[in-house]
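J.: Dropping in my_file_39.cif, with mmCIF, C-alpha atoms.
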```
data_work
#
loop_
_atom_site.label_atom_id
_atom_site.label_comp_id
_atom_site.auth_asym_id
_atom_site.auth_seq_id
_atom_site.Cartn_x
_atom_site.Cartn_y
_atom_site.Cartn_z
CA ALA A 1 163.79 159.54 -117.89
CA ALA A 2 161.32 156.81 -116.93
CA THR A 3 157.64 157.71 -117.18
CA VAL A 4 155.75 157.45 -113.89
CA GLU A 5 152.40 155.73 -114.27
CA LYS A 6 149.66 157.98 -112.91
CA LYS A 7 146.48 156.65 -111.33
CA ARG A 8 143.16 158.41 -111.80
CA VAL A 9 141.08 158.75 -108.65
CA PRO A 10 137.71 160.38 -107.78
CA ASP A 11 137.67 164.08 -106.93
CA ASP A 12 136.89 163.35 -103.29
CA PHE A 13 139.85 160.96 -102.86
CA PRO A 14 141.96 162.28 -99.92
CA TRP A 15 145.29 162.08 -101.81
CA ARG A 16 146.35 163.62 -105.11
CA ASN A 17 149.00 163.11 -107.80
CA LEU A 18 149.22 159.34 -107.42
CA GLY A 19 152.28 157.99 -109.23
CA LYS A 20 153.04 154.27 -109.26
CA VAL A 21 156.45 153.49 -107.74
CA GLY A 22 156.26 149.73 -107.24
CA HIS A 23 154.19 146.62 -106.76
CA GLY A 24 154.22 143.48 -104.65
CA THR A 25 152.45 140.18 -104.17
CA TYR A 26 149.17 141.67 -103.01
CA GLY A 27 149.05 145.13 -104.50
CA GLU A 28 150.61 148.26 -105.94
CA VAL A 29 152.42 151.16 -104.27
CA TYR A 30 151.88 154.82 -105.17
CA LYS A 31 153.59 158.02 -104.17
CA ALA A 32 150.93 160.62 -103.37
CA LYS A 33 150.31 164.05 -101.87
CA PRO A 34 147.91 164.25 -98.90
CA GLY A 35 145.02 166.68 -99.12
CA MET A 36 144.66 169.57 -96.69
CA SER A 37 142.71 167.55 -94.14
CA ARG A 38 145.57 165.05 -93.74
CA ALA A 39 148.69 167.09 -94.51
CA ALA A 40 149.21 168.21 -90.91
CA ASP A 41 149.54 164.59 -89.72
CA GLN A 42 151.00 162.93 -92.81
CA GLY A 43 153.28 165.62 -94.22
CA SER A 44 153.80 166.51 -97.87
CA VAL A 45 154.08 163.01 -99.36
CA VAL A 46 153.01 159.45 -98.46
CA ALA A 47 153.16 155.94 -99.89
CA LEU A 48 149.80 154.32 -100.64
CA LYS A 49 149.79 150.54 -100.73
CA ARG A 50 146.70 149.53 -102.70
CA LEU A 51 145.25 146.13 -101.82
CA ARG A 52 142.41 144.25 -103.48
CA ILE A 53 139.66 142.43 -101.58
CA HIS A 54 138.89 139.27 -103.50
CA ASP A 55 135.58 137.45 -103.31
CA ASP A 56 137.23 134.06 -102.80
CA SER A 57 140.01 134.92 -100.36
CA GLY A 58 138.97 138.28 -98.86
CA PHE A 59 141.56 140.60 -97.33
CA PRO A 60 145.16 139.20 -97.36
CA LEU A 61 146.04 137.68 -93.97
CA THR A 62 149.59 139.07 -94.13
CA SER A 63 148.17 142.58 -94.50
CA VAL A 64 145.94 142.05 -91.48
CA ARG A 65 149.02 141.15 -89.43
CA GLU A 66 150.98 144.04 -90.88
CA ARG A 67 148.23 146.51 -89.95
CA LYS A 68 147.84 145.18 -86.41
CA ILE A 69 151.55 145.26 -85.67
CA LEU A 70 152.35 148.63 -87.24
CA LEU A 71 149.44 150.47 -85.65
CA ALA A 72 150.66 149.20 -82.26
CA LEU A 73 154.33 150.13 -82.79
CA ARG A 74 155.79 153.64 -82.92
CA HIS A 75 159.56 154.08 -83.20
CA GLU A 76 161.84 156.30 -85.26
CA ASN A 77 163.42 153.27 -86.95
CA LEU A 78 160.12 151.63 -87.91
CA VAL A 79 158.09 152.73 -90.90
CA ARG A 80 154.97 154.66 -89.89
CA LEU A 81 151.54 153.41 -90.89
CA TYR A 82 149.18 156.38 -90.70
CA GLU A 83 145.85 154.75 -91.48
CA MET A 84 143.84 152.26 -93.50
CA TYR A 85 141.45 153.75 -96.04
CA GLN A 86 138.57 152.20 -97.99
CA PRO A 87 136.84 154.58 -100.42
CA SER A 88 133.42 153.04 -99.69
CA PRO A 89 132.00 150.01 -97.85
CA THR A 90 131.52 148.23 -101.18
CA SER A 91 134.90 149.15 -102.68
CA GLU A 92 137.27 146.29 -103.55
CA ASP A 93 140.25 148.58 -102.91
CA VAL A 94 141.83 149.21 -99.51
CA TYR A 95 144.79 151.57 -99.07
CA MET A 96 147.48 151.31 -96.41
CA VAL A 97 148.90 154.81 -95.94
CA PHE A 98 152.61 154.81 -95.02
CA GLU A 99 155.25 157.46 -94.60
CA PHE A 100 157.17 157.73 -97.87
CA LEU A 101 160.80 156.54 -97.91
CA GLU A 102 162.94 157.59 -100.85
CA LEU A 103 165.43 154.71 -100.62
CA ASP A 104 165.86 151.27 -99.11
CA LEU A 105 169.00 149.29 -98.29
CA GLU A 106 168.67 147.14 -101.39
CA ILE A 107 168.94 150.22 -103.61
CA ILE A 108 171.97 151.47 -101.67
CA ILE A 109 173.69 148.08 -101.82
CA GLN A 110 173.08 147.50 -105.53
CA SER A 111 173.45 151.04 -106.88
CA PRO A 112 176.61 151.55 -109.01
CA ALA A 113 176.47 155.22 -107.98
CA VAL A 114 177.44 154.19 -104.44
CA ARG A 115 181.05 153.17 -105.02
CA LYS A 116 181.82 152.21 -101.44
CA LEU A 117 180.00 152.04 -98.14
CA GLU A 118 182.27 153.48 -95.48
CA ALA A 119 182.59 151.59 -92.20
CA GLY A 120 180.92 154.42 -90.30
CA ARG A 121 177.89 154.31 -92.60
CA VAL A 122 177.55 150.54 -92.20
CA LYS A 123 177.78 150.93 -88.41
CA SER A 124 175.06 153.57 -88.52
CA PHE A 125 172.75 151.37 -90.61
CA MET A 126 173.25 148.40 -88.29
CA GLN A 127 172.79 150.51 -85.14
CA GLN A 128 169.46 151.79 -86.43
CA LEU A 129 168.44 148.28 -87.46
CA PHE A 130 169.27 146.85 -84.02
CA ASP A 131 167.55 149.75 -82.24
CA GLY A 132 164.33 149.10 -84.13
CA LEU A 133 164.67 145.34 -83.66
CA ASP A 134 165.22 145.69 -79.92
CA PHE A 135 162.12 147.87 -79.67
CA MET A 136 160.01 145.22 -81.44
CA HIS A 137 161.41 142.29 -79.47
CA ARG A 138 160.61 144.04 -76.20
CA ARG A 139 157.03 144.16 -77.46
CA HIS A 140 157.04 140.53 -78.66
CA SER A 141 157.06 141.19 -82.39
CA ILE A 142 159.14 139.22 -84.89
CA MET A 143 160.03 141.08 -88.05
CA LEU A 144 160.91 140.55 -91.67
CA LYS A 145 162.21 143.99 -92.46
CA ILE A 146 161.72 147.20 -90.54
CA CYS A 147 159.80 148.65 -93.48
CA ASP A 148 158.11 145.44 -94.67
CA PHE A 149 155.91 143.76 -92.09
CA GLY A 150 153.99 141.49 -94.46
CA LEU A 151 155.48 138.36 -92.88
CA ALA A 152 155.83 139.78 -89.37
CA ARG A 153 153.84 138.48 -86.43
CA ASN A 154 153.39 138.91 -82.70
CA TYR A 155 155.44 136.51 -80.62
CA ARG A 156 154.51 134.49 -77.54
CA PRO A 157 157.14 132.19 -75.94
CA GLY A 158 156.37 128.50 -76.32
CA ARG A 159 153.82 128.98 -79.08
CA SER A 160 153.93 127.04 -82.36
CA TYR A 161 154.20 129.04 -85.61
CA THR A 162 154.23 128.33 -89.33
CA MET A 163 157.51 128.36 -91.26
CA ASN A 164 156.24 130.86 -93.86
CA VAL A 165 158.26 133.78 -92.54
CA VAL A 166 161.42 135.58 -93.68
CA THR A 167 162.58 135.94 -97.28
CA LEU A 168 164.64 132.87 -98.28
CA ASN A 169 168.10 134.48 -98.43
CA TYR A 170 167.67 135.80 -94.87
CA ARG A 171 166.02 132.70 -93.41
CA PRO A 172 167.70 130.84 -90.51
CA PRO A 173 168.36 127.07 -90.76
CA GLU A 174 165.79 126.08 -88.13
CA LEU A 175 162.95 127.32 -90.34
CA LEU A 176 164.26 125.26 -93.25
CA LEU A 177 164.27 122.23 -90.96
CA ASP A 178 160.56 122.73 -90.19
CA CYS A 179 161.03 124.01 -86.64
CA ARG A 180 157.72 125.51 -85.46
CA PHE A 181 158.90 126.76 -82.07
CA TYR A 182 161.04 129.79 -82.70
CA GLY A 183 161.45 133.35 -81.50
CA PRO A 184 163.58 136.52 -81.69
CA PRO A 185 166.84 134.71 -82.64
CA ILE A 186 165.51 134.23 -86.19
CA ASP A 187 165.69 138.01 -86.62
CA LEU A 188 169.31 138.08 -85.48
CA TRP A 189 170.22 135.64 -88.26
CA SER A 190 168.50 137.95 -90.77
CA CYS A 191 170.39 140.94 -89.37
CA GLY A 192 173.68 139.05 -89.78
CA CYS A 193 172.81 138.42 -93.44
CA ILE A 194 172.04 142.11 -93.94
CA PHE A 195 175.29 143.09 -92.18
CA ALA A 196 177.32 140.82 -94.49
CA GLU A 197 175.44 142.11 -97.53
CA LEU A 198 176.29 145.72 -96.66
CA LEU A 199 179.97 144.80 -96.46
CA GLU A 200 180.19 142.77 -99.67
CA ARG A 201 177.47 144.57 -101.69
CA LYS A 202 175.89 141.25 -102.65
CA VAL A 203 173.58 138.63 -101.13
CA ALA A 204 175.58 136.93 -98.39
CA ILE A 205 174.05 133.46 -98.77
CA PRO A 206 172.58 132.90 -102.25
CA GLY A 207 170.09 130.21 -103.15
CA ARG A 208 167.11 130.03 -105.50
CA VAL A 209 165.43 127.14 -103.66
CA GLU A 210 165.58 125.96 -100.05
CA GLU A 211 167.92 123.02 -100.71
CA GLU A 212 170.48 125.18 -102.53
CA TYR A 213 170.29 127.90 -99.87
CA LEU A 214 170.73 125.42 -97.00
CA GLU A 215 173.75 123.86 -98.72
CA ASN A 216 175.33 127.32 -98.99
CA VAL A 217 174.58 127.94 -95.29
CA TRP A 218 176.59 124.82 -94.39
CA LYS A 219 179.43 125.85 -96.72
CA LEU A 220 179.73 129.22 -94.99
CA CYS A 221 178.87 128.38 -91.39
CA GLY A 222 179.79 124.71 -91.30
CA PRO A 223 177.22 121.94 -90.80
CA PRO A 224 175.68 121.84 -87.30
CA THR A 225 176.30 118.91 -85.00
CA PRO A 226 174.21 117.38 -82.19
CA GLN A 227 176.76 118.81 -79.73
CA MET A 228 176.28 122.30 -81.16
CA TRP A 229 172.52 121.96 -81.40
CA PRO A 230 171.44 119.40 -78.76
CA ASN A 231 167.68 119.96 -79.17
CA ALA A 232 167.65 119.89 -82.97
CA GLU A 233 166.25 116.37 -83.33
CA ARG A 234 163.36 117.18 -81.00
CA GLU A 235 162.65 120.67 -82.36
CA CYS A 236 163.25 120.18 -86.10
CA PRO A 237 161.32 117.41 -87.92
CA LYS A 238 163.76 117.43 -90.86
CA TRP A 239 166.87 117.21 -88.72
CA LEU A 240 167.50 113.46 -89.11
CA GLU A 241 166.99 113.60 -92.88
CA VAL A 242 169.33 116.56 -93.32
CA SER A 243 171.93 115.29 -90.84
CA ARG A 244 172.28 112.03 -92.83
CA THR A 245 172.96 114.07 -95.95
CA MET A 246 175.48 116.21 -94.10
CA ARG A 247 177.36 113.18 -92.81
CA SER A 248 177.65 111.66 -96.28
CA GLU A 249 178.30 114.76 -98.35
CA GLN A 250 179.35 117.73 -96.20
CA GLU A 251 181.21 116.43 -93.18
CA HIS A 252 184.44 117.91 -94.64
CA LEU A 253 183.05 121.45 -94.55
CA GLU A 254 184.42 123.87 -91.98
CA ARG A 255 183.13 127.18 -90.68
CA SER A 256 184.56 129.93 -92.88
CA VAL A 257 182.64 133.06 -91.85
CA ARG A 258 185.51 134.89 -90.18
CA THR A 259 187.98 133.92 -92.90
CA ARG A 260 185.68 135.26 -95.61
CA PHE A 261 185.21 138.65 -93.97
CA SER A 262 188.54 139.10 -92.12
CA GLU A 263 190.28 140.87 -95.02
CA GLU A 264 187.41 143.13 -96.12
CA ALA A 265 186.15 143.96 -92.63
CA PRO A 266 188.51 142.69 -89.88
CA LEU A 267 186.65 144.48 -87.10
CA ALA A 268 183.27 143.22 -88.26
CA ALA A 269 184.29 139.61 -88.92
CA PRO A 270 184.09 138.44 -85.27
CA LEU A 271 180.60 139.91 -84.85
CA ILE A 272 179.31 138.33 -88.07
CA GLY A 273 180.93 135.06 -87.02
CA ARG A 274 178.79 134.95 -83.92
#
```
Hey, can you dump this file as structure tokens for me?

T.:
Amino acid sequence: AATVEKKRVPDDFPWRNLGKVGHGTYGEVYKAKPGMSRAADQGSVVALKRLRIHDDSGFPLTSVRERKILLALRHENLVRLYEMYQPSPTSEDVYMVFEFLELDLEIIIQSPAVRKLEAGRVKSFMQQLFDGLDFMHRRHSIMLKICDFGLARNYRPGRSYTMNVVTLNYRPPELLLDCRFYGPPIDLWSCGCIFAELLERKVAIPGRVEEEYLENVWKLCGPPTPQMWPNAERECPKWLEVSRTMRSEQEHLERSVRTRFSEEAPLAAPLIGR
């Protein structure tokens, strides 16, 4: 069995038995047991996301957004952020205290122990995903994942945003074409990618870099045309550059989404194709 790395903390630290369970770009994640003063609100176990405050860059901007959004949203299909904790005013460590989740969809999709995902289970996952997404969109939030809000942000119609949102393999084409005016539809693209991944048990649209990923988008969905996307030239700075490449290299490609999924999931194929 794998050895869990334990973290030593002061005696007055509000959580005990910290065991490292993961790490990310900005910090480490620990499974921990709340002390008596917090157990009533936080239950028997939590996830502590430890962040570092650096002298040169300060507190990570993505974590500021994540905190603001999660403290404002409460829904059964959204991960719960209980509090932010800093051991002392001079401490370089800040802890985000989340409810602890044993599994995520990536583990379920990739685990060899899960031989097959039944249609009913996939429907249940997607229903919960859409319920949480609808709740956020009604409150003008755009998400990355319902339990990872590092790249999430509040949304205001007509406002310009950066393109640094959404993990590459779930990113819609408009972001790759430098569109800065976007909204809730980008999350629907991501949900479609997750839906397809649950059915095939692999990343739906692979790609290690943006160019490779975009090429695979066209191969699966077909290259867009001005008739299909009449505002693309105005909204997407890279549209003319990419459209020239498509005309010379990919004009023979046809949309193949429904064909790809019709045998494995005939009832789901039309929905994914949309």

J.: Hey, which of A:Cys191, A:Glu174, A:Ala196, A:Met136 ends up closest to Asn231 (chain A)? Count all atoms listed in the file.

T.: A:Glu174

J.: Restricting the calculation to all atoms listed in the file, which member of A:His23, A:Arg52, A:Arg260, A:Arg16 is positioned closest to Ala39 (chain A)?

T.: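 Distance minimum relative to Ala39 (chain A) lands on A:Arg16.
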
J.: Considering only C-alpha atoms, return as a ChimeraX atom specification whatever protein or nucleic-acid residues lie within 8 Å of Lys202 (chain A), sequence-local ones (same chain, fewer than 3 positions apart) excluded.

T.: /A:109-110,197-198

J.: My list of candidates is A:Trp189, A:Lys238, A:Phe195, A:His75. Which is closest to Phe125 (chain A) when distances are computed with all atoms listed in the file?

T.: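 The answer is A:Phe195, which sits nearest to Phe125 (chain A).
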
J.: What is the CA of Phe130 (chain A) to CA of Gly192 (chain A) distance in Å?

T.: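 Between these atoms lies a distance of 10.7 Å.
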
J.: Have a look at CA of Gln42 (chain A) and CA of Gln86 (chain A) and let me know their distance in Å, one decimal.

T.: 17.2 Å

J.: Convert the output of the PyMOL selection byres ((chain A and resi 28) around 10) on the shown file into explicit residues, formatted as a list in words.

T.: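 Written out, the selection comes to Lys20, Val21, Gly22, His23, Gly24, Thr25, Tyr26, Gly27, Val29, Tyr30, Leu48, Lys49, Arg50, Leu51, Arg52 and Tyr95 of chain A.
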
J.: Could you check which residues have any atom within 10 Å of (145.3, 156.5, -91.1), counting all atoms listed in the file with coordinates taken straight from the file, and then list them as a ChimeraX atom specification?

T.: /A:38,41-42,71,80-85,95-98

J.: For Leu188 (chain A), find every residue with an atom within 10 Å (counting all atoms listed in the file), except residues of its own chain fewer than 6 positions away, and show them as a VMD selection string.

T.: chain A and resid 130 133 170 172 194

J.: Which value, in Å to one decimal, gives the distance between CA of Val242 (chain A) and CA of Pro173 (chain A)?

T.: 10.9 Å

J.: Put region 7-19 of chain A into a file with N, CA, C and O atoms, as a CSV table (one decimal), in the first residue's frame.

T.:
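The resulting file, selection39.csv, is reproduced below:
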```csv
chain,number,residue,atom,x,y,z
A,7,LYS,N,1.7,15.6,7.4
A,7,LYS,CA,2.3,17.0,7.6
A,7,LYS,C,2.2,17.3,9.1
A,7,LYS,O,1.1,17.2,9.7
A,8,ARG,N,3.3,17.8,9.6
A,8,ARG,CA,3.3,18.2,11.0
A,8,ARG,C,2.8,19.6,11.1
A,8,ARG,O,3.1,20.5,10.3
A,9,VAL,N,1.9,19.9,12.1
A,9,VAL,CA,1.3,21.2,12.3
A,9,VAL,C,1.4,21.5,13.8
A,9,VAL,O,1.6,20.6,14.7
A,10,PRO,N,1.3,22.8,14.1
A,10,PRO,CA,1.3,23.2,15.6
A,10,PRO,C,0.2,22.6,16.3
A,10,PRO,O,-0.9,22.2,15.8
A,11,ASP,N,0.3,22.5,17.6
A,11,ASP,CA,-0.7,21.9,18.5
A,11,ASP,C,-2.1,22.7,18.4
A,11,ASP,O,-3.1,22.1,18.6
A,12,ASP,N,-2.0,24.0,18.2
A,12,ASP,CA,-3.2,24.7,18.1
A,12,ASP,C,-3.9,24.8,16.7
A,12,ASP,O,-4.8,25.5,16.5
A,13,PHE,N,-3.3,24.1,15.8
A,13,PHE,CA,-3.9,24.0,14.4
A,13,PHE,C,-5.3,23.4,14.5
A,13,PHE,O,-5.4,22.3,15.1
A,14,PRO,N,-6.3,24.0,13.8
A,14,PRO,CA,-7.7,23.5,14.0
A,14,PRO,C,-8.0,22.1,13.4
A,14,PRO,O,-9.1,21.6,13.6
A,15,TRP,N,-7.1,21.5,12.6
A,15,TRP,CA,-7.3,20.3,12.0
A,15,TRP,C,-6.2,19.3,12.3
A,15,TRP,O,-5.0,19.7,12.5
A,16,ARG,N,-6.5,18.0,12.4
A,16,ARG,CA,-5.5,17.0,12.8
A,16,ARG,C,-5.3,16.0,11.7
A,16,ARG,O,-6.1,15.9,10.8
A,17,ASN,N,-4.3,15.1,11.9
A,17,ASN,CA,-4.1,14.0,11.0
A,17,ASN,C,-4.0,14.4,9.5
A,17,ASN,O,-4.7,13.8,8.7
A,18,LEU,N,-3.2,15.4,9.2
A,18,LEU,CA,-3.1,15.8,7.8
A,18,LEU,C,-2.3,14.8,7.0
A,18,LEU,O,-1.1,14.5,7.3
A,19,GLY,N,-2.9,14.3,6.0
A,19,GLY,CA,-2.3,13.4,5.1
A,19,GLY,C,-2.3,13.9,3.6
A,19,GLY,O,-3.4,14.2,3.2
```
